[in-house]
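*Asks:* File follows, upload-v5.cif with mmCIF, C-alpha atoms:
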```cif
data_data
loop_
_atom_site.group_PDB
_atom_site.id
_atom_site.type_symbol
_atom_site.label_atom_id
_atom_site.label_comp_id
_atom_site.auth_asym_id
_atom_site.auth_seq_id
_atom_site.Cartn_x
_atom_site.Cartn_y
_atom_site.Cartn_z
ATOM 1 C CA MET A 1 12.025 16.464 -9.188
ATOM 2 C CA PHE A 2 8.637 14.908 -8.362
ATOM 3 C CA SER A 3 7.012 17.808 -6.504
ATOM 4 C CA ASN A 4 4.217 18.146 -9.100
ATOM 5 C CA ALA A 5 4.300 14.608 -10.494
ATOM 6 C CA ARG A 6 1.275 12.347 -10.445
ATOM 7 C CA THR A 7 1.368 8.934 -8.799
ATOM 8 C CA SER A 8 1.659 7.101 -12.135
ATOM 9 C CA GLN A 9 4.701 9.172 -13.141
ATOM 10 C CA ILE A 10 6.516 8.389 -9.899
ATOM 11 C CA LEU A 11 5.743 4.681 -10.219
ATOM 12 C CA LEU A 12 7.044 4.648 -13.798
ATOM 13 C CA ALA A 13 10.243 6.357 -12.636
ATOM 14 C CA LEU A 14 10.579 3.680 -9.977
ATOM 15 C CA ALA A 15 10.145 0.840 -12.470
ATOM 16 C CA SER A 16 12.734 2.374 -14.817
ATOM 17 C CA GLN A 17 15.539 2.462 -12.244
ATOM 18 C CA PRO A 18 18.775 0.837 -13.518
ATOM 19 C CA GLY A 19 20.008 -2.534 -12.323
ATOM 20 C CA GLU A 20 18.500 -5.985 -11.978
ATOM 21 C CA ARG A 21 17.387 -5.428 -8.384
ATOM 22 C CA LEU A 22 16.020 -2.491 -6.406
ATOM 23 C CA THR A 23 16.811 -2.007 -2.739
ATOM 24 C CA VAL A 24 14.243 -0.548 -0.360
ATOM 25 C CA ARG A 25 16.654 2.367 0.157
ATOM 26 C CA GLU A 26 16.585 3.152 -3.590
ATOM 27 C CA ILE A 27 12.801 2.974 -3.610
ATOM 28 C CA MET A 28 12.590 5.404 -0.683
ATOM 29 C CA ALA A 29 14.941 7.814 -2.493
ATOM 30 C CA VAL A 30 12.585 7.882 -5.494
ATOM 31 C CA LEU A 31 9.511 8.476 -3.317
ATOM 32 C CA GLN A 32 11.122 11.522 -1.659
ATOM 33 C CA ASP A 33 8.757 13.890 0.199
ATOM 34 C CA ARG A 34 5.645 11.804 -0.503
ATOM 35 C CA ALA A 35 7.187 8.660 0.913
ATOM 36 C CA PHE A 36 4.409 7.771 3.373
ATOM 37 C CA ALA A 37 1.507 7.887 0.922
ATOM 38 C CA LEU A 38 3.457 6.316 -1.944
ATOM 39 C CA LEU A 39 4.873 3.624 0.329
ATOM 40 C CA ILE A 40 1.273 2.702 1.138
ATOM 41 C CA VAL A 41 0.556 2.422 -2.595
ATOM 42 C CA LEU A 42 3.681 0.302 -3.186
ATOM 43 C CA LEU A 43 2.868 -2.091 -0.350
ATOM 44 C CA GLY A 44 -0.632 -2.513 -1.714
ATOM 45 C CA LEU A 45 0.446 -3.107 -5.319
ATOM 46 C CA PRO A 46 1.782 -6.693 -5.017
ATOM 47 C CA ASN A 47 -1.464 -7.710 -3.327
ATOM 48 C CA CYS A 48 -3.561 -6.554 -6.275
ATOM 49 C CA LEU A 49 -2.398 -9.717 -8.074
ATOM 50 C CA PRO A 50 -2.726 -13.372 -7.030
ATOM 51 C CA MET A 51 0.370 -13.840 -4.871
ATOM 52 C CA PRO A 52 1.585 -16.879 -2.914
ATOM 53 C CA PRO A 53 2.531 -16.693 0.751
ATOM 54 C CA PRO A 54 4.484 -15.047 2.329
ATOM 55 C CA ILE A 55 4.105 -11.919 0.150
ATOM 56 C CA PRO A 56 0.796 -10.731 1.715
ATOM 57 C CA LEU A 57 2.250 -11.438 5.174
ATOM 58 C CA VAL A 58 5.432 -9.437 4.498
ATOM 59 C CA CYS A 59 3.502 -6.548 2.924
ATOM 60 C CA GLY A 60 1.037 -6.590 5.818
ATOM 61 C CA LEU A 61 3.807 -6.410 8.418
ATOM 62 C CA LEU A 62 5.595 -3.565 6.593
ATOM 63 C CA LEU A 63 2.304 -1.734 6.120
ATOM 64 C CA ALA A 64 1.571 -2.080 9.839
ATOM 65 C CA LEU A 65 4.989 -0.582 10.622
ATOM 66 C CA VAL A 66 4.275 2.370 8.316
ATOM 67 C CA ALA A 67 0.756 2.819 9.723
ATOM 68 C CA VAL A 68 1.978 2.947 13.340
ATOM 69 C CA GLN A 69 4.437 5.704 12.387
ATOM 70 C CA ILE A 70 1.634 7.712 10.757
ATOM 71 C CA VAL A 71 -0.469 7.308 13.915
ATOM 72 C CA PHE A 72 2.397 8.710 16.001
ATOM 73 C CA GLY A 73 2.837 11.652 13.623
ATOM 74 C CA ARG A 74 6.263 10.979 12.129
ATOM 75 C CA GLU A 75 7.091 13.287 9.206
ATOM 76 C CA ALA A 76 9.031 10.656 7.246
ATOM 77 C CA PRO A 77 8.958 6.870 7.408
ATOM 78 C CA TRP A 78 11.626 4.998 9.346
ATOM 79 C CA LEU A 79 12.603 1.487 8.339
ATOM 80 C CA PRO A 80 15.246 -0.769 9.938
ATOM 81 C CA ARG A 81 18.665 -0.664 8.260
ATOM 82 C CA GLN A 82 18.502 -4.390 7.402
ATOM 83 C CA LEU A 83 15.179 -3.833 5.664
ATOM 84 C CA MET A 84 16.490 -0.771 3.801
ATOM 85 C CA ASN A 85 19.236 -2.956 2.340
ATOM 86 C CA ARG A 86 16.817 -5.676 1.202
ATOM 87 C CA SER A 87 16.161 -5.811 -2.522
ATOM 88 C CA MET A 88 13.589 -7.092 -4.983
ATOM 89 C CA ALA A 89 13.839 -7.987 -8.642
ATOM 90 C CA ARG A 90 13.220 -4.991 -10.896
ATOM 91 C CA THR A 91 11.150 -7.264 -13.169
ATOM 92 C CA ASP A 92 8.718 -7.880 -10.278
ATOM 93 C CA VAL A 93 8.433 -4.136 -9.712
ATOM 94 C CA GLU A 94 7.891 -3.580 -13.458
ATOM 95 C CA ARG A 95 5.154 -6.245 -13.554
ATOM 96 C CA ALA A 96 3.231 -4.794 -10.614
ATOM 97 C CA VAL A 97 3.607 -1.212 -11.871
ATOM 98 C CA GLY A 98 2.618 -2.234 -15.409
ATOM 99 C CA ARG A 99 -0.628 -3.750 -14.140
ATOM 100 C CA ALA A 100 -1.394 -0.765 -11.930
ATOM 101 C CA ILE A 101 -0.550 2.144 -14.265
ATOM 102 C CA PRO A 102 -3.697 1.950 -16.495
ATOM 103 C CA VAL A 103 -5.925 1.953 -13.397
ATOM 104 C CA PHE A 104 -4.027 4.817 -11.758
ATOM 105 C CA ARG A 105 -4.150 6.908 -14.925
ATOM 106 C CA ARG A 106 -7.920 6.478 -15.165
ATOM 107 C CA LEU A 107 -8.282 7.484 -11.519
ATOM 108 C CA GLU A 108 -5.937 10.449 -11.967
ATOM 109 C CA ARG A 109 -8.096 11.792 -14.805
ATOM 110 C CA ILE A 110 -11.042 12.147 -12.438
ATOM 111 C CA SER A 111 -9.241 12.804 -9.157
ATOM 112 C CA ARG A 112 -8.610 16.272 -7.782
ATOM 113 C CA PRO A 113 -8.276 17.824 -4.325
ATOM 114 C CA ARG A 114 -11.608 17.110 -2.600
ATOM 115 C CA MET A 115 -12.517 16.673 1.048
ATOM 116 C CA ILE A 116 -9.103 18.170 1.833
ATOM 117 C CA PHE A 117 -9.830 18.095 5.562
ATOM 118 C CA LEU A 118 -8.172 14.672 5.252
ATOM 119 C CA ASP A 119 -4.942 16.634 4.749
ATOM 120 C CA THR A 120 -4.782 17.762 8.395
ATOM 121 C CA PRO A 121 -2.372 16.135 10.898
ATOM 122 C CA LEU A 122 -5.252 14.720 12.973
ATOM 123 C CA ALA A 123 -6.940 13.228 9.907
ATOM 124 C CA MET A 124 -3.629 11.678 8.829
ATOM 125 C CA ARG A 125 -3.294 10.010 12.226
ATOM 126 C CA LEU A 126 -6.814 8.629 11.897
ATOM 127 C CA MET A 127 -5.929 7.362 8.402
ATOM 128 C CA GLY A 128 -2.886 5.676 9.937
ATOM 129 C CA ALA A 129 -5.207 3.774 12.281
ATOM 130 C CA VAL A 130 -7.397 2.743 9.332
ATOM 131 C CA ILE A 131 -4.355 1.555 7.350
ATOM 132 C CA LEU A 132 -3.223 -0.404 10.397
ATOM 133 C CA VAL A 133 -6.558 -2.271 10.400
ATOM 134 C CA LEU A 134 -6.202 -3.006 6.659
ATOM 135 C CA SER A 135 -2.659 -4.269 7.213
ATOM 136 C CA LEU A 136 -3.889 -6.676 9.898
ATOM 137 C CA GLY A 137 -6.476 -7.917 7.406
ATOM 138 C CA LEU A 138 -3.648 -8.704 4.968
ATOM 139 C CA LEU A 139 -1.963 -10.854 7.617
ATOM 140 C CA PHE A 140 -5.006 -13.136 7.780
ATOM 141 C CA ALA A 141 -6.185 -12.943 4.169
ATOM 142 C CA PRO A 142 -7.053 -16.200 2.348
ATOM 143 C CA PRO A 143 -4.027 -17.333 0.290
ATOM 144 C CA PHE A 144 -3.429 -16.438 -3.376
ATOM 145 C CA VAL A 145 -6.536 -14.319 -4.137
ATOM 146 C CA GLY A 146 -8.051 -13.346 -0.777
ATOM 147 C CA GLN A 147 -5.680 -10.405 -0.387
ATOM 148 C CA ILE A 148 -6.718 -8.739 -3.669
ATOM 149 C CA PRO A 149 -9.599 -6.596 -2.246
ATOM 150 C CA LEU A 150 -7.338 -5.411 0.592
ATOM 151 C CA GLY A 151 -4.512 -4.701 -1.853
ATOM 152 C CA LEU A 152 -6.867 -2.598 -3.977
ATOM 153 C CA ALA A 153 -8.148 -0.816 -0.868
ATOM 154 C CA VAL A 154 -4.638 0.035 0.314
ATOM 155 C CA CYS A 155 -3.686 1.352 -3.135
ATOM 156 C CA LEU A 156 -6.812 3.517 -3.357
ATOM 157 C CA VAL A 157 -6.251 4.975 0.108
ATOM 158 C CA GLY A 158 -2.608 5.716 -0.728
ATOM 159 C CA LEU A 159 -3.535 7.255 -4.088
ATOM 160 C CA GLY A 160 -6.228 9.380 -2.437
ATOM 161 C CA LEU A 161 -3.680 10.677 0.070
ATOM 162 C CA VAL A 162 -1.164 11.506 -2.674
ATOM 163 C CA GLU A 163 -3.776 13.276 -4.818
ATOM 164 C CA ARG A 164 -5.510 14.810 -1.755
ATOM 165 C CA ASP A 165 -8.788 13.304 -2.975
ATOM 166 C CA GLY A 166 -11.037 12.235 -0.110
ATOM 167 C CA PHE A 167 -13.493 10.568 -2.501
ATOM 168 C CA VAL A 168 -10.806 8.104 -3.617
ATOM 169 C CA VAL A 169 -9.909 7.454 0.034
ATOM 170 C CA VAL A 170 -13.561 6.719 0.858
ATOM 171 C CA GLY A 171 -13.730 4.377 -2.155
ATOM 172 C CA GLY A 172 -10.692 2.551 -0.801
ATOM 173 C CA LEU A 173 -12.345 2.226 2.608
ATOM 174 C CA LEU A 174 -15.458 0.690 1.048
ATOM 175 C CA VAL A 175 -13.378 -1.874 -0.848
ATOM 176 C CA GLY A 176 -11.362 -2.472 2.334
ATOM 177 C CA SER A 177 -14.491 -3.254 4.364
ATOM 178 C CA PHE A 178 -15.281 -6.037 1.882
ATOM 179 C CA GLY A 179 -11.708 -7.340 2.079
ATOM 180 C CA LEU A 180 -11.779 -7.326 5.892
ATOM 181 C CA THR A 181 -15.051 -9.261 5.864
ATOM 182 C CA LEU A 182 -13.385 -11.843 3.609
ATOM 183 C CA SER A 183 -10.389 -12.157 5.951
ATOM 184 C CA LEU A 184 -12.581 -12.447 9.054
ATOM 185 C CA GLY A 185 -14.645 -15.135 7.332
ATOM 186 C CA PHE A 186 -11.448 -17.040 6.501
ATOM 187 C CA VAL A 187 -10.203 -16.847 10.106
ATOM 188 C CA TYR A 188 -13.627 -17.912 11.396
ATOM 189 C CA ALA A 189 -13.671 -20.904 9.016
ATOM 190 C CA ILE A 190 -10.207 -22.004 10.202
ATOM 191 C CA PHE A 191 -11.147 -21.804 13.893
ATOM 192 C CA THR A 192 -14.453 -23.570 13.240
ATOM 193 C CA GLY A 193 -12.597 -26.357 11.411
ATOM 194 C CA ILE A 194 -10.092 -26.729 14.253
ATOM 195 C CA ASP A 195 -12.897 -26.785 16.820
ATOM 196 C CA THR A 196 -14.705 -29.500 14.852
ATOM 197 C CA LEU A 197 -11.557 -31.644 14.693
ATOM 198 C CA ILE A 198 -10.965 -31.310 18.446
#
```
Can I see the file as C-alpha cells?
*Replies:*
Amino acid sequence: MFSNARTSQILLALASQPGERLTVREIMAVLQDRAFALLIVLLGLPNCLPMPPPIPLVCGLLLALVAVQIVFGREAPWLPRQLMNRSMARTDVERAVGRAIPVFRRLERISRPRMIFLDTPLAMRLMGAVILVLSLGLLFAPPFVGQIPLGLAVCLVGLGLVERDGFVVVGGLLVGSFGLTLSLGFVYAIFTGIDTLI
C-alpha cells in the first residue's frame, strides 16, 4: 500500500486512522516495511513542539530502544507487548502531524536519493549509534523548549533515511549537534548549581 508513498502521505494516513485513540500496534501496522525510519520520525515529531515532561523522556527512551535494535541489525523493530498496547489520543497525533506536514512536503520537493551509501547495512548500524546519542540528549534536554532542536534533528535523520537522501541526514546531524550542546549545557548548569549549594 505504501511502497512508493512519501513520508508525508504515510503520516497523513496515520493521522486519519479511525477511533479516538491510536495504539502503538496500530501505528506500527501503518508504518509497515519502513517502520524503523518512520518510527524515528514519529518519535521526533512530539519534540518539535514545546512539550512538558515526561514526553521528551518517554520519546527519548523509546528512541534509544529503537536505536539499539538498528545497531544490532534487526530487520524490523521489536517493542514490548505492554508498550504495543499503549495508546495515544488521535487528536495529539493529528496536531503533531499537522504541524510537521508543511515542512516535510517542502523537504520532499527537494529531496531525492543522494549519498546512497547510507543505505548499506553498516551505514545503518552507524546511524543507529548516532540516533542513540540523540536519544540520550532528549533524556537530558531542558524542559518545554530545550528538546525542540533534538526533535527536529531526529525527524530530519528519519526523513533522510526514508527518502534515501544523505544530505537531509547530514542536515539533521548538524541540527542535532546544536541540540546536544544545549542539553550538555543544561546538565552542566544543574551540576554546577548543586555543587555551589553543597
*Asks:* Please evaluate the PyMOL selection byres ((chain A and resi 23) around 7) against the displayed coordinates and give the resulting residues as a list in words.
*Replies:*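 Here the PyMOL selection byres ((chain A and resi 23) around 7) matches Arg21, Leu22, Val24, Arg25, Glu26, Ile27, Met84, Asn85, Arg86, Ser87 and Met88 of chain A.
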*Asks:* CA of Ile110 in chain A and CA of Val30 in chain A are how many Å apart?
*Replies:* 25.0 Å
*Asks:* Go ahead and fit an axis-aligned box to every listed atom of range 13-17 of chain A plus 4 Å each side, and pass me the centre and edge lengths in Å, one decimal, as JSON.
*Replies:*
```
{"center_x": 12.8, "center_y": 3.6, "center_z": -12.4, "size_x": 13.4, "size_y": 13.5, "size_z": 12.8}
```
*Asks:* Mind giving me the straight-line distance from CA of Met124 in chain A to CA of Met28 in chain A in Å, one decimal?
*Replies:*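 CA of Met28 in chain A lies at a distance of 19.8 Å from CA of Met124 in chain A.
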*Asks:* Evaluate the PyMOL selection byres ((chain A and resi 154) around 12) on the structure here and hand back the selected residues as a PyMOL selection string.
*Replies:* chain A and resi 37-48+59-60+63-64+67+127-128+130-138+147-153+155-161+168-177+179-180
*Asks:* Please indicate the distance in Å from CA of Met115 in chain A to CA of Ala29 in chain A, rounded to one decimal place.
*Replies:*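 Result for CA of Met115 in chain A versus CA of Ala29 in chain A: 29.1 Å, one decimal.
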*Asks:* Around (3.6, 7.0, 15.2) in the file's frame, which residues reach within 12 Å when counting all atoms listed in the file? Return as an NGL selection string?
*Replies:* :A and (36 or 64-78 or 121-122 or 124-129 or 132)
*Asks:* If you keep C-alpha atoms, can you produce a file of those selected residues as an mmCIF file, keeping the file's coordinate frame?
*Replies:*
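Saved as again-v8.cif:
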```
data_model
loop_
_atom_site.group_PDB
_atom_site.id
_atom_site.type_symbol
_atom_site.label_atom_id
_atom_site.label_comp_id
_atom_site.auth_asym_id
_atom_site.auth_seq_id
_atom_site.Cartn_x
_atom_site.Cartn_y
_atom_site.Cartn_z
ATOM 1 C CA PHE A 36 4.409 7.771 3.373
ATOM 2 C CA ALA A 64 1.571 -2.080 9.839
ATOM 3 C CA LEU A 65 4.989 -0.582 10.622
ATOM 4 C CA VAL A 66 4.275 2.370 8.316
ATOM 5 C CA ALA A 67 0.756 2.819 9.723
ATOM 6 C CA VAL A 68 1.978 2.947 13.340
ATOM 7 C CA GLN A 69 4.437 5.704 12.387
ATOM 8 C CA ILE A 70 1.634 7.712 10.757
ATOM 9 C CA VAL A 71 -0.469 7.308 13.915
ATOM 10 C CA PHE A 72 2.397 8.710 16.001
ATOM 11 C CA GLY A 73 2.837 11.652 13.623
ATOM 12 C CA ARG A 74 6.263 10.979 12.129
ATOM 13 C CA GLU A 75 7.091 13.287 9.206
ATOM 14 C CA ALA A 76 9.031 10.656 7.246
ATOM 15 C CA PRO A 77 8.958 6.870 7.408
ATOM 16 C CA TRP A 78 11.626 4.998 9.346
ATOM 17 C CA PRO A 121 -2.372 16.135 10.898
ATOM 18 C CA LEU A 122 -5.252 14.720 12.973
ATOM 19 C CA MET A 124 -3.629 11.678 8.829
ATOM 20 C CA ARG A 125 -3.294 10.010 12.226
ATOM 21 C CA LEU A 126 -6.814 8.629 11.897
ATOM 22 C CA MET A 127 -5.929 7.362 8.402
ATOM 23 C CA GLY A 128 -2.886 5.676 9.937
ATOM 24 C CA ALA A 129 -5.207 3.774 12.281
ATOM 25 C CA LEU A 132 -3.223 -0.404 10.397
#
```
*Asks:* Would you mind telling me which residue in A:Pro113, A:Pro18, A:Pro102, A:Pro142 lies nearest to Ile190 in chain A when using all atoms listed in the file?
*Replies:*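 With all atoms listed in the file as the atom set, the closest residue is A:Pro142.
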*Asks:* Can you give me, as a list in words, the residues this file yields under the PyMOL selection byres ((chain A and resi 57) around 9)?
*Replies:* Pro53, Pro54, Ile55, Pro56, Val58, Cys59, Gly60, Leu61, Leu62, Ser135, Leu138, Leu139, Phe140 and Ala141 of chain A
*Asks:* Skip Phe104 in chain A itself and residues of its chain fewer than 3 positions away, then list as a ChimeraX atom specification all residues within 8 Å of it, counting all atoms listed in the file.
*Replies:* /A:7-8,100-101,107-108
*Asks:* Kindly write range 129-142 of chain A with all heavy atoms to a file, as a compact mmCIF listing (two decimals), in the first residue's frame.
*Replies:*
```txt
# COMPACT_ATOMS: atom_id res chain seq x y z
N ALA A 129 23.78 4.20 15.97
CA ALA A 129 24.60 4.74 17.06
C ALA A 129 24.40 6.24 17.20
O ALA A 129 24.32 6.78 18.32
CB ALA A 129 26.07 4.41 16.81
N VAL A 130 24.30 6.93 16.06
CA VAL A 130 24.07 8.38 16.09
C VAL A 130 22.71 8.69 16.71
O VAL A 130 22.58 9.61 17.54
CB VAL A 130 24.16 8.96 14.65
CG1 VAL A 130 23.65 10.40 14.62
CG2 VAL A 130 25.59 8.89 14.14
N ILE A 131 21.68 7.95 16.31
CA ILE A 131 20.34 8.16 16.85
C ILE A 131 20.31 7.87 18.35
O ILE A 131 19.61 8.54 19.11
CB ILE A 131 19.31 7.29 16.09
CG1 ILE A 131 19.21 7.77 14.64
CG2 ILE A 131 17.94 7.34 16.75
CD1 ILE A 131 18.59 6.77 13.69
N LEU A 132 21.10 6.89 18.78
CA LEU A 132 21.19 6.59 20.20
C LEU A 132 21.73 7.79 20.97
O LEU A 132 21.22 8.14 22.05
CB LEU A 132 22.09 5.37 20.42
CG LEU A 132 22.29 4.90 21.87
CD1 LEU A 132 20.95 4.55 22.52
CD2 LEU A 132 23.24 3.72 21.93
N VAL A 133 22.75 8.45 20.42
CA VAL A 133 23.30 9.66 21.06
C VAL A 133 22.25 10.76 21.12
O VAL A 133 22.09 11.43 22.15
CB VAL A 133 24.56 10.14 20.30
CG1 VAL A 133 25.03 11.49 20.83
CG2 VAL A 133 25.69 9.11 20.42
N LEU A 134 21.50 10.96 20.04
CA LEU A 134 20.44 11.98 20.03
C LEU A 134 19.36 11.66 21.05
O LEU A 134 18.82 12.56 21.71
CB LEU A 134 19.82 12.09 18.63
CG LEU A 134 20.72 12.61 17.51
CD1 LEU A 134 20.00 12.57 16.17
CD2 LEU A 134 21.18 14.04 17.81
N SER A 135 19.04 10.37 21.18
CA SER A 135 18.01 9.98 22.15
C SER A 135 18.46 10.26 23.58
O SER A 135 17.66 10.68 24.43
CB SER A 135 17.66 8.50 21.99
OG SER A 135 18.72 7.67 22.41
N LEU A 136 19.74 10.06 23.86
CA LEU A 136 20.27 10.37 25.19
C LEU A 136 20.21 11.87 25.45
O LEU A 136 19.97 12.31 26.58
CB LEU A 136 21.71 9.85 25.33
CG LEU A 136 21.87 8.32 25.26
CD1 LEU A 136 23.33 7.94 25.32
CD2 LEU A 136 21.09 7.65 26.40
N GLY A 137 20.42 12.66 24.39
CA GLY A 137 20.29 14.11 24.52
C GLY A 137 18.88 14.51 24.89
O GLY A 137 18.67 15.43 25.69
N LEU A 138 17.88 13.80 24.34
CA LEU A 138 16.48 14.09 24.68
C LEU A 138 16.20 13.84 26.16
O LEU A 138 15.40 14.54 26.78
CB LEU A 138 15.54 13.23 23.84
CG LEU A 138 15.16 13.74 22.46
CD1 LEU A 138 14.34 12.70 21.71
CD2 LEU A 138 14.38 15.04 22.56
N LEU A 139 16.86 12.83 26.73
CA LEU A 139 16.64 12.49 28.13
C LEU A 139 17.05 13.64 29.06
O LEU A 139 16.49 13.79 30.15
CB LEU A 139 17.42 11.23 28.51
CG LEU A 139 17.07 9.94 27.75
CD1 LEU A 139 17.89 8.78 28.28
CD2 LEU A 139 15.58 9.61 27.86
N PHE A 140 18.03 14.42 28.63
CA PHE A 140 18.57 15.48 29.49
C PHE A 140 18.31 16.88 28.94
O PHE A 140 18.94 17.84 29.35
CB PHE A 140 20.08 15.27 29.68
CG PHE A 140 20.42 13.95 30.30
CD1 PHE A 140 20.91 12.90 29.53
CD2 PHE A 140 20.22 13.73 31.66
CE1 PHE A 140 21.22 11.67 30.10
CE2 PHE A 140 20.52 12.51 32.23
CZ PHE A 140 21.02 11.47 31.45
N ALA A 141 17.36 16.97 27.99
CA ALA A 141 17.07 18.27 27.38
C ALA A 141 16.39 19.20 28.37
O ALA A 141 15.62 18.76 29.22
CB ALA A 141 16.18 18.08 26.15
N PRO A 142 16.66 20.52 28.28
CA PRO A 142 15.94 21.48 29.13
C PRO A 142 14.44 21.38 28.90
O PRO A 142 14.01 21.16 27.76
CB PRO A 142 16.47 22.85 28.65
CG PRO A 142 17.76 22.55 27.99
CD PRO A 142 17.63 21.17 27.40
```
